[in-house]
Each structure stands twice: as C-alpha cells, then as structure tokens.
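**Student:** Quick one, run-v1.tsv (TSV, C-alpha atoms):
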```tsv
chain	number	residue	atom	x	y	z
E	1419	MET	CA	-24.79	-9.63	-15.85
E	1420	ALA	CA	-25.31	-6.60	-13.64
E	1421	GLU	CA	-22.70	-5.95	-11.01
E	1422	GLN	CA	-23.81	-7.02	-7.56
E	1423	ILE	CA	-23.87	-4.65	-4.63
E	1424	PHE	CA	-22.56	-6.42	-1.54
E	1425	THR	CA	-24.89	-5.06	1.12
E	1426	ASN	CA	-24.84	-6.16	4.76
E	1427	GLU	CA	-27.62	-8.66	4.01
E	1428	VAL	CA	-25.70	-10.18	1.09
E	1429	ILE	CA	-22.49	-10.43	3.13
E	1430	LEU	CA	-24.33	-12.14	6.01
E	1431	SER	CA	-25.90	-14.65	3.62
E	1432	TRP	CA	-22.46	-15.62	2.30
E	1433	LEU	CA	-21.09	-15.94	5.83
E	1434	GLN	CA	-23.98	-18.25	6.74
E	1435	TYR	CA	-23.37	-20.32	3.60
E	1436	TYR	CA	-19.72	-20.90	4.47
E	1437	ALA	CA	-20.49	-21.48	8.15
E	1438	LYS	CA	-22.86	-24.32	7.17
E	1439	ASN	CA	-20.74	-25.92	4.46
E	1440	ALA	CA	-17.07	-25.52	5.48
E	1441	THR	CA	-15.24	-26.60	8.61
E	1442	ILE	CA	-13.74	-23.15	9.02
E	1443	ASP	CA	-13.62	-20.90	12.07
E	1444	LEU	CA	-15.14	-17.62	10.94
E	1445	GLU	CA	-14.48	-15.81	14.22
E	1446	HIS	CA	-11.56	-13.83	12.86
E	1447	VAL	CA	-12.52	-13.61	9.19
E	1448	LYS	CA	-11.38	-10.49	7.33
E	1449	ILE	CA	-13.94	-9.21	4.82
E	1450	ILE	CA	-12.79	-7.32	1.72
E	1451	ASP	CA	-14.99	-6.09	-1.12
E	1452	ILE	CA	-12.69	-5.60	-4.11
E	1453	THR	CA	-15.51	-4.13	-6.19
E	1454	LYS	CA	-14.87	-0.95	-4.23
E	1455	LYS	CA	-12.00	1.45	-4.83
E	1456	ASN	CA	-8.58	1.06	-3.19
E	1457	LYS	CA	-8.89	-2.55	-2.03
E	1458	ASN	CA	-5.61	-4.52	-1.96
E	1459	ILE	CA	-6.26	-8.26	-1.99
E	1460	ILE	CA	-2.64	-9.49	-1.88
E	1461	PRO	CA	-1.49	-7.73	1.33
E	1462	THR	CA	-4.86	-8.57	2.92
E	1463	VAL	CA	-4.45	-12.31	2.27
E	1464	GLU	CA	-0.81	-12.14	3.35
E	1465	SER	CA	-1.78	-10.77	6.76
E	1466	HIS	CA	-5.00	-12.69	7.56
E	1467	LYS	CA	-5.53	-16.41	8.03
E	1468	THR	CA	-9.11	-16.24	6.73
E	1469	THR	CA	-10.18	-13.67	4.13
E	1470	MET	CA	-13.64	-13.43	2.59
E	1471	VAL	CA	-13.31	-11.75	-0.81
E	1472	PHE	CA	-16.31	-10.27	-2.61
E	1473	SER	CA	-15.80	-9.54	-6.28
E	1474	ASN	CA	-17.62	-9.05	-9.56
E	1475	ALA	CA	-17.19	-11.26	-12.60
E	1476	GLY	CA	-14.52	-10.54	-15.17
E	1477	ILE	CA	-11.34	-10.55	-13.09
E	1478	ASP	CA	-9.23	-12.88	-15.22
E	1479	ASP	CA	-5.90	-12.90	-13.40
E	1480	ILE	CA	-6.75	-12.73	-9.70
E	1481	PHE	CA	-5.44	-16.21	-8.84
E	1482	TYR	CA	-2.36	-15.79	-10.98
E	1483	ARG	CA	-1.52	-12.58	-9.11
E	1484	LEU	CA	-1.98	-14.32	-5.76
E	1485	TRP	CA	0.24	-17.19	-6.91
E	1486	ASN	CA	2.85	-14.76	-8.27
E	1487	ALA	CA	2.95	-13.08	-4.83
E	1488	GLY	CA	3.91	-16.39	-3.19
E	1489	LEU	CA	0.41	-17.34	-2.03
E	1490	GLY	CA	0.01	-20.46	-4.18
E	1491	GLU	CA	-0.45	-22.80	-1.20
E	1492	CYS	CA	-3.47	-20.90	0.13
E	1493	ASP	CA	-6.81	-22.73	0.03
E	1494	VAL	CA	-9.75	-21.25	-1.86
E	1495	TRP	CA	-13.35	-22.16	-0.96
E	1496	TYR	CA	-15.92	-21.13	-3.56
E	1497	ASN	CA	-19.02	-22.09	-5.52
E	1498	GLU	CA	-19.89	-21.72	-9.20
E	1499	GLY	CA	-22.78	-19.27	-8.95
E	1500	SER	CA	-23.70	-15.78	-7.89
E	1501	GLU	CA	-25.80	-16.92	-4.94
E	1502	PRO	CA	-24.67	-18.50	-1.64
E	1503	GLU	CA	-26.08	-21.93	-2.44
E	1504	GLY	CA	-25.20	-25.20	-4.10
E	1505	GLN	CA	-22.02	-27.25	-4.08
E	1506	MET	CA	-18.88	-25.84	-2.52
E	1507	TYR	CA	-15.42	-26.45	-3.99
E	1508	ASN	CA	-11.95	-26.31	-2.45
E	1509	LYS	CA	-8.68	-25.91	-4.36
E	1510	LYS	CA	-5.22	-24.45	-3.91
E	1511	VAL	CA	-4.50	-21.05	-5.44
E	1512	LYS	CA	-1.71	-22.68	-7.48
E	1513	ASP	CA	-4.31	-24.95	-9.12
E	1514	MET	CA	-6.49	-22.01	-10.13
E	1515	ILE	CA	-4.00	-19.68	-11.82
E	1516	ASP	CA	-5.48	-20.30	-15.29
E	1517	ARG	CA	-9.02	-19.33	-14.31
E	1518	GLY	CA	-10.60	-16.06	-13.34
E	1519	ILE	CA	-13.82	-15.09	-11.60
E	1520	ASN	CA	-16.87	-15.69	-13.78
E	1521	ALA	CA	-19.63	-14.74	-11.34
E	1522	SER	CA	-20.24	-11.94	-8.88
E	1523	ALA	CA	-19.85	-13.76	-5.57
E	1524	GLY	CA	-17.93	-14.30	-2.34
E	1525	MET	CA	-15.07	-16.72	-1.75
E	1526	LEU	CA	-12.91	-17.66	1.20
E	1527	ILE	CA	-9.11	-17.71	1.02
E	1528	ILE	CA	-7.31	-19.52	3.83
E	1529	ASN	CA	-3.66	-18.66	4.50
E	1530	PRO	CA	-2.26	-20.69	7.44
E	1531	GLN	CA	1.08	-18.85	7.14
E	1532	ALA	CA	-0.45	-15.39	7.50
E	1533	ARG	CA	1.42	-12.87	9.63
E	1534	ASN	CA	-0.76	-10.03	10.83
E	1535	THR	CA	2.13	-7.64	11.36
E	1536	ALA	CA	2.91	-4.30	9.74
E	1537	LYS	CA	5.58	-4.35	7.06
E	1538	ILE	CA	8.01	-1.60	7.95
E	1539	GLY	CA	11.41	-1.41	6.33
E	1540	ILE	CA	10.92	-3.95	3.52
E	1541	GLY	CA	14.22	-5.22	2.14
E	1542	ASN	CA	15.27	-3.43	-1.04
E	1543	GLU	CA	15.66	-6.76	-2.84
E	1544	LEU	CA	11.86	-7.17	-2.75
E	1545	PHE	CA	11.24	-4.07	-4.86
E	1546	ARG	CA	11.28	-4.14	-8.66
E	1547	LYS	CA	14.54	-3.18	-10.27
E	1548	GLY	CA	14.52	-0.15	-12.52
E	1549	SER	CA	15.62	3.45	-12.62
E	1550	ILE	CA	15.14	4.02	-8.89
E	1551	GLN	CA	17.85	3.91	-6.23
E	1552	TYR	CA	16.06	2.96	-3.03
E	1553	VAL	CA	16.88	4.35	0.39
E	1554	GLY	CA	18.22	1.79	2.88
E	1555	SER	CA	15.48	-0.25	4.55
E	1556	GLU	CA	16.64	0.74	8.05
E	1557	ILE	CA	16.35	4.43	7.23
E	1558	ARG	CA	13.00	3.83	5.54
E	1559	ALA	CA	11.74	2.21	8.73
E	1560	ILE	CA	12.63	5.37	10.69
E	1561	ILE	CA	10.93	7.57	8.09
E	1562	LEU	CA	7.75	5.48	8.32
E	1563	ASN	CA	7.91	5.71	12.10
E	1564	LYS	CA	7.96	9.50	11.79
E	1565	MET	CA	5.07	9.42	9.31
E	1566	MET	CA	2.84	7.42	11.70
E	1567	VAL	CA	0.64	6.16	8.85
E	1568	ASP	CA	-2.93	5.23	9.80
E	1569	THR	CA	-5.07	2.71	7.92
E	1570	ALA	CA	-7.28	5.34	6.25
E	1571	ASP	CA	-4.72	8.10	5.64
E	1572	ASP	CA	-4.52	9.87	2.28
E	1573	ILE	CA	-0.83	10.50	1.69
E	1574	CYS	CA	1.20	12.42	-0.88
E	1575	VAL	CA	4.70	11.01	-1.49
E	1576	ILE	CA	6.98	13.12	-3.66
E	1577	GLY	CA	10.09	11.38	-5.00
E	1578	GLY	CA	9.97	8.62	-2.40
E	1579	GLU	CA	9.17	5.49	-4.36
E	1580	SER	CA	9.70	2.76	-1.75
E	1581	ILE	CA	8.08	5.01	0.88
E	1582	ALA	CA	4.99	5.22	-1.35
E	1583	ILE	CA	4.76	1.42	-1.61
E	1584	GLU	CA	5.13	0.82	2.12
E	1585	ALA	CA	2.70	3.64	2.93
E	1586	ALA	CA	0.14	2.06	0.59
E	1587	LEU	CA	0.52	-1.25	2.44
E	1588	LEU	CA	0.06	0.51	5.79
E	1589	ALA	CA	-2.98	2.52	4.63
E	1590	PRO	CA	-5.23	-0.03	2.88
E	1591	GLU	CA	-8.31	2.14	3.41
E	1592	GLY	CA	-6.59	5.30	2.17
E	1593	THR	CA	-4.86	6.53	-0.97
E	1594	VAL	CA	-1.21	7.23	-1.78
E	1595	ILE	CA	-0.53	9.93	-4.37
E	1596	ALA	CA	2.95	9.09	-5.73
E	1597	VAL	CA	4.61	12.04	-7.47
E	1598	GLU	CA	7.42	11.08	-9.85
E	1599	TYR	CA	8.86	13.72	-12.16
E	1600	ASN	CA	10.75	11.29	-14.41
E	1601	GLN	CA	9.00	8.92	-16.84
E	1602	ALA	CA	11.42	6.07	-16.11
E	1603	ASP	CA	10.74	6.45	-12.38
E	1604	ARG	CA	6.98	6.44	-13.03
E	1605	ASP	CA	7.40	3.21	-15.00
E	1606	THR	CA	9.33	1.59	-12.15
E	1607	MET	CA	6.72	2.85	-9.70
E	1608	GLU	CA	3.99	1.24	-11.81
E	1609	ASP	CA	5.96	-2.04	-11.82
E	1610	ASN	CA	6.09	-1.95	-8.01
E	1611	VAL	CA	2.37	-1.21	-7.75
E	1612	GLN	CA	1.64	-4.27	-9.89
E	1613	HIS	CA	4.21	-6.38	-8.07
E	1614	PHE	CA	2.72	-5.69	-4.64
E	1615	GLY	CA	-0.88	-5.93	-5.89
E	1616	LEU	CA	-1.81	-2.41	-4.82
E	1617	HIS	CA	-4.98	-0.61	-5.88
E	1618	ASN	CA	-4.71	2.47	-3.67
E	1619	VAL	CA	-1.84	4.26	-5.45
E	1620	ILE	CA	-2.28	7.16	-7.89
E	1621	ILE	CA	0.84	8.10	-9.89
E	1622	ILE	CA	1.22	11.68	-11.16
E	1623	ASP	CA	4.14	13.69	-12.54
E	1624	HIS	CA	3.95	16.94	-10.55
E	1625	VAL	CA	2.01	18.79	-7.87
E	1626	ASP	CA	-0.47	21.46	-8.86
E	1627	GLU	CA	-4.20	22.13	-8.97
E	1628	ASN	CA	-4.71	20.39	-12.32
E	1629	SER	CA	-2.72	17.22	-11.62
E	1630	MET	CA	-4.36	16.71	-8.21
E	1631	LYS	CA	-7.94	17.68	-9.07
E	1632	ASP	CA	-9.14	14.06	-8.93
E	1633	CYS	CA	-7.02	13.08	-5.92
E	1634	PRO	CA	-8.11	13.08	-2.28
E	1635	VAL	CA	-6.80	15.86	-0.07
E	1636	PRO	CA	-3.74	14.43	1.71
E	1637	SER	CA	-3.42	14.52	5.48
E	1638	LEU	CA	0.31	13.72	5.25
E	1639	VAL	CA	3.08	14.50	2.80
E	1640	PHE	CA	6.50	12.91	2.55
E	1641	LEU	CA	8.95	14.46	0.14
E	1642	VAL	CA	12.57	14.25	-0.84
E	1643	ALA	CA	13.84	17.83	-0.75
E	1644	SER	CA	14.09	19.46	-4.16
E	1645	ALA	CA	14.16	22.88	-5.82
E	1646	SER	CA	10.36	22.88	-6.07
E	1647	MET	CA	9.79	21.88	-2.44
E	1648	ASP	CA	8.70	25.35	-1.25
E	1649	GLN	CA	5.99	25.65	-3.92
E	1650	GLU	CA	4.77	22.09	-3.40
E	1651	LEU	CA	4.46	22.50	0.34
E	1652	ALA	CA	2.74	25.88	0.02
E	1653	TYR	CA	0.15	24.35	-2.34
E	1654	LEU	CA	-0.44	21.29	-0.11
E	1655	LYS	CA	-0.70	23.51	2.97
E	1656	LYS	CA	-3.38	25.50	1.14
E	1657	LEU	CA	-5.26	22.27	0.39
E	1658	ASN	CA	-5.03	21.07	3.99
E	1659	PRO	CA	-4.00	23.69	6.56
E	1660	GLN	CA	-3.29	20.94	9.14
E	1661	ILE	CA	-1.19	18.73	6.89
E	1662	GLN	CA	1.62	16.70	8.49
E	1663	VAL	CA	5.02	17.05	6.77
E	1664	VAL	CA	8.04	14.73	6.64
E	1665	ILE	CA	11.09	15.77	4.59
E	1666	TYR	CA	14.17	13.75	3.64
E	1667	THR	CA	17.38	15.50	2.61
E	1668	LEU	CA	21.10	14.85	2.36
E	1669	ASP	CA	21.83	18.58	2.01
E	1670	PHE	CA	23.00	20.26	5.23
E	1671	LEU	CA	21.97	23.71	4.01
E	1672	VAL	CA	18.43	22.49	3.33
E	1673	ALA	CA	18.28	20.89	6.78
E	1674	ALA	CA	19.63	24.02	8.45
E	1675	GLY	CA	17.11	26.29	6.73
E	1676	ALA	CA	14.11	23.95	6.94
E	1677	LYS	CA	12.69	25.31	10.20
E	1678	GLU	CA	12.49	28.89	8.95
E	1679	MET	CA	11.14	27.83	5.55
E	1680	LEU	CA	8.41	25.65	7.07
E	1681	GLU	CA	7.37	28.19	9.68
E	1682	ASN	CA	7.03	30.83	6.95
E	1683	ILE	CA	4.28	28.75	5.32
E	1684	GLY	CA	2.59	27.83	8.60
E	1685	ILE	CA	4.22	24.47	9.38
E	1686	MET	CA	5.05	24.44	13.09
E	1687	ASP	CA	6.54	22.10	15.71
E	1688	VAL	CA	9.48	21.54	13.36
E	1689	GLN	CA	11.97	18.89	14.46
E	1690	THR	CA	15.13	17.74	12.68
E	1691	ILE	CA	17.07	14.54	13.27
E	1692	GLN	CA	20.01	12.95	11.48
E	1693	VAL	CA	20.09	9.20	10.90
E	1694	ALA	CA	23.33	7.23	10.49
E	1695	VAL	CA	23.41	3.51	9.65
E	1696	SER	CA	26.55	1.40	9.22
E	1697	CYS	CA	26.61	-2.18	7.95
E	1698	LEU	CA	29.35	-4.72	8.61
E	1699	GLY	CA	30.87	-5.87	5.34
E	1700	SER	CA	32.59	-9.10	4.31
E	1701	ASN	CA	36.01	-7.57	5.02
E	1702	HIS	CA	35.03	-7.07	8.71
E	1703	SER	CA	34.78	-3.30	8.33
E	1704	PHE	CA	31.71	-1.11	8.63
E	1705	LYS	CA	30.37	0.66	5.56
E	1706	GLN	CA	28.30	3.75	6.35
E	1707	GLN	CA	25.15	4.50	4.40
E	1708	PRO	CA	24.29	8.09	3.45
E	1709	ALA	CA	23.25	9.93	6.63
E	1710	PRO	CA	20.12	11.96	5.85
E	1711	TRP	CA	18.34	14.58	7.87
E	1712	ILE	CA	14.64	13.90	8.50
E	1713	ILE	CA	12.53	16.99	9.19
E	1714	THR	CA	8.99	16.83	10.54
E	1715	GLY	CA	6.30	19.40	11.21
E	1716	LYS	CA	2.55	19.97	11.22
E	1717	GLY	CA	0.35	22.63	9.72
E	1718	MET	CA	-1.37	25.00	12.13
```
Please, can you express the file's structure as structure tokens?
**Tutor:**
Amino acid sequence: MAEQIFTNEVILSWLQYYAKNATIDLEHVKIIDITKKNKNIIPTVESHKTTMVFSNAGIDDIFYRLWNAGLGECDVWYNEGSEPEGQMYNKKVKDMIDRGINASAGMLIINPQARNTAKIGIGNELFRKGSIQYVGSEIRAIILNKMMVDTADDICVIGGESIAIEAALLAPEGTVIAVEYNQADRDTMEDNVQHFGLHNVIIIDHVDENSMKDCPVPSLVFLVASASMDQELAYLKKLNPQIQVVIYTLDFLVAAGAKEMLENIGIMDVQTIQVAVSCLGSNHSFKQQPAPWIITGKGM
C-alpha cells in the first residue's frame, strides 16, 4: 500500500469523521503527523489532552512504547481502514500493546492527565543508567534557562547528554545534534532517546564538516568545555555566524579565559555566572554539588 500524504483536505476529513462519531471536544486538539521527520509522539501525548496522530502502516510497537512511557490509561479512538469512514472503536492503550498500525490513517489519543507544561530540570532518576554521570537537575534547569530553547530550534549539544534530551523535548519541531566522543556514552544516549520516545535527535561522535554534512545548521550550541572546544566553536561559528553559545565548565582557568577566547572567534556579549547548589542530607547537613561556571555569548 502506498504511503498516504496527509494534506489539509485529508486532515479536515478525519477531523469531521471524529467530530461526527465521538463525543470529544476537538477545540484544543493537537495534530501530529508522525510520517514526517522529527515528530515525537510520546511527549506530545504527555502534554496534550487530545492528540490526533496521523501515521502510515507498519509501525508495530507504537502502543507498546506509549504504554512503556506510562500512558497505558489513555483512550485511543480509531477505525480499521485508511479512510475516515465506517465503525469507530475505542480502547485503552494498555489493551493495544500487542498490535501495531496496519493502515495509513488518523487516530485520536485522549490523555485526561496531560500537563501542558515545559519539562525543565528532569530528575536524574528518570534518565537511563549507563556510562554517563548526569549534572544535577537544578543546575540543568539553569542551563536550559540560559539556552532559551524555542520549539523549532536546531541545537548542537556537545558532551551534555541530559541537556540534549531536555532540549529535544523543548524543541519538538527542531533537531538536536548530540555529540558524544565515547562509544559507551553514545550507547547510553541512544537508550535515552528510545526511553523518551524522541525522533529529533541525531547522535554523532565529533564535530567537523564530514560528520555534520547531513545535519541542519544549528542556531544554538551547548558544550561542556574540553580541549577541542576552540576548534569546535570556530567551525560552528563558520557554519552560523550568529550562533548562540552556552558553555559549562568546572575549570576556573577556562572560565577566566572564556571571554577572550570567544571574542577572538567573533562571539560577543559574553557573560559568566557561577552556580552553587546545596542539598540537605539525612544527617541534617548540607552537601554542596559541584559549582560550575556557565558562559554565554552570541555570534556577531
């Protein structure tokens, strides 16, 4: 069966079908076409009470992935064909985990528990365990605040695994290029991408013309300071002269020299802050987390 193109006319016909056959308020329906690139169904359903999903046949594990993400109690409204006609069915996601999608069509997923709020500073316990040591969620929230991610941003994240995941959730219409030098870290990153149901993350092992030839040009880069930072930033600045830069470092010398280094490659408006977070422990004493410097700037 040929893949269906979900044009405006096709989408409207499916909306009319559900409006006539289901007692559902379509006023605030979120439409997502997962036949297109970079569409994340799990975070979309998590954050919208009513989601209309358009998909092609052959997706065998879509309901299992929704159930595995804690969305098993969501209602699914669907029919058995490729056209918006005929009998409509209604089941829970948890009752559909053994079936896939066998026809190119639209379906409604209802999530009464949806919270349409941005996820900033996700708890580290929600990420997949592996080779990666995640930055504290409070510090990550401040980093994401400095990044000011928009929904359609294309972002390069170098050595910042949990930052890459949260940025991908915040930019569902964009792409996150996650750069991980180590194979074990790339494997853990891939586990997280699968775990969060993300389709807008590209994982590569370094930054250069060859590795990024098929990637979108980033408007924003976040990187953990490293020995190759100067070369990476110079290359990204060449790709996008107006690129926004956010750097994380625990090295005072790097922080102290960052302004001069960035200005030498054309990154201006450089600002540096230090973040300190202390958590009260079970012994009634505060334990301080590592206190990084966060450096920001913008290409001119």
**Student:** Of the candidates E:Pro1708, E:Pro1634, E:Pro1590, E:Gly1715, which one gets nearest to E:Val1664 if we count all atoms listed in the file?
**Tutor:** E:Gly1715
**Student:** Of the candidates E:Ile1480, E:Ala1523, E:Leu1654, E:Ala1589, which one gets nearest to E:Val1619 if we count all atoms listed in the file?
**Tutor:**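 Closest residue, counting all atoms listed in the file: E:Ala1589.
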**Student:** Do you know which residues are at most 9 Å from E:Tyr1666 counting only C-alpha atoms, after dropping those on the same chain fewer than 6 positions away, and could you put them as a list of chain:residue names?
**Tutor:**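 Result of the neighbour search: E:Ile1561, E:Gly1578, E:Phe1640, E:Leu1641, E:Val1642, E:Ala1643, E:Ala1673, E:Pro1710, E:Trp1711, E:Ile1712, E:Ile1713.
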**Student:** Pick out the residues sitting within 12 Å of E:Asp1443, and hand them over as a ChimeraX atom specification; count all atoms listed in the file, and ignore anything fewer than 3 positions along from it in its own chain.
**Tutor:** /E:1433-1434,1436-1440,1446-1448,1467-1469,1526,1528
**Student:** Store the residues picked out above, limited to C-alpha atoms, as a tab-separated table (two decimals), keeping the file's coordinate frame.
**Tutor:**
```tsv
chain	number	residue	atom	x	y	z
E	1433	LEU	CA	-21.09	-15.94	5.83
E	1434	GLN	CA	-23.98	-18.25	6.74
E	1436	TYR	CA	-19.72	-20.90	4.47
E	1437	ALA	CA	-20.49	-21.48	8.15
E	1438	LYS	CA	-22.86	-24.32	7.17
E	1439	ASN	CA	-20.74	-25.92	4.46
E	1440	ALA	CA	-17.07	-25.52	5.48
E	1446	HIS	CA	-11.56	-13.83	12.86
E	1447	VAL	CA	-12.52	-13.61	9.19
E	1448	LYS	CA	-11.38	-10.49	7.33
E	1467	LYS	CA	-5.53	-16.41	8.03
E	1468	THR	CA	-9.11	-16.24	6.73
E	1469	THR	CA	-10.18	-13.67	4.13
E	1526	LEU	CA	-12.91	-17.66	1.20
E	1528	ILE	CA	-7.31	-19.52	3.83
```
**Student:** Can you work out which one of E:Ile1621, E:Ala1602, E:Val1597, E:Val1567 has the shortest atom-to-atom distance to E:Gln1551, counting only C-alpha atoms?
**Tutor:** E:Ala1602
**Student:** Using all atoms of stretch 1505-1518 of chain E that appear in the file, construct an axis-aligned enclosing box with 6 Å of padding on every side and provide its centre coordinates and edge lengths in Å, rounded to one decimal, as lines of an AutoDock Vina configuration file.
**Tutor:**
```
center_x = -11.9
center_y = -21.7
center_z = -8.9
size_x = 32.3
size_y = 23.2
size_z = 24.8
```
**Student:** Would you compute the distance between atom CA of E:Asn1458 and atom CA of E:Leu1616? Give it in Å to one decimal.
**Tutor:**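 Atom CA of E:Leu1616 lies at a distance of 5.2 Å from atom CA of E:Asn1458.
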**Student:** What is the atom CA of E:Glu1445-atom CA of E:Ser1431 distance in Å, reported with one decimal?
**Tutor:**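 We find that atom CA of E:Glu1445 and atom CA of E:Ser1431 lie 15.6 Å from each other.
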**Student:** What is the distance, in Å and to one decimal place, between atom CA of E:Ser1500 and atom CA of E:Ile1429?
**Tutor:** 12.3 Å
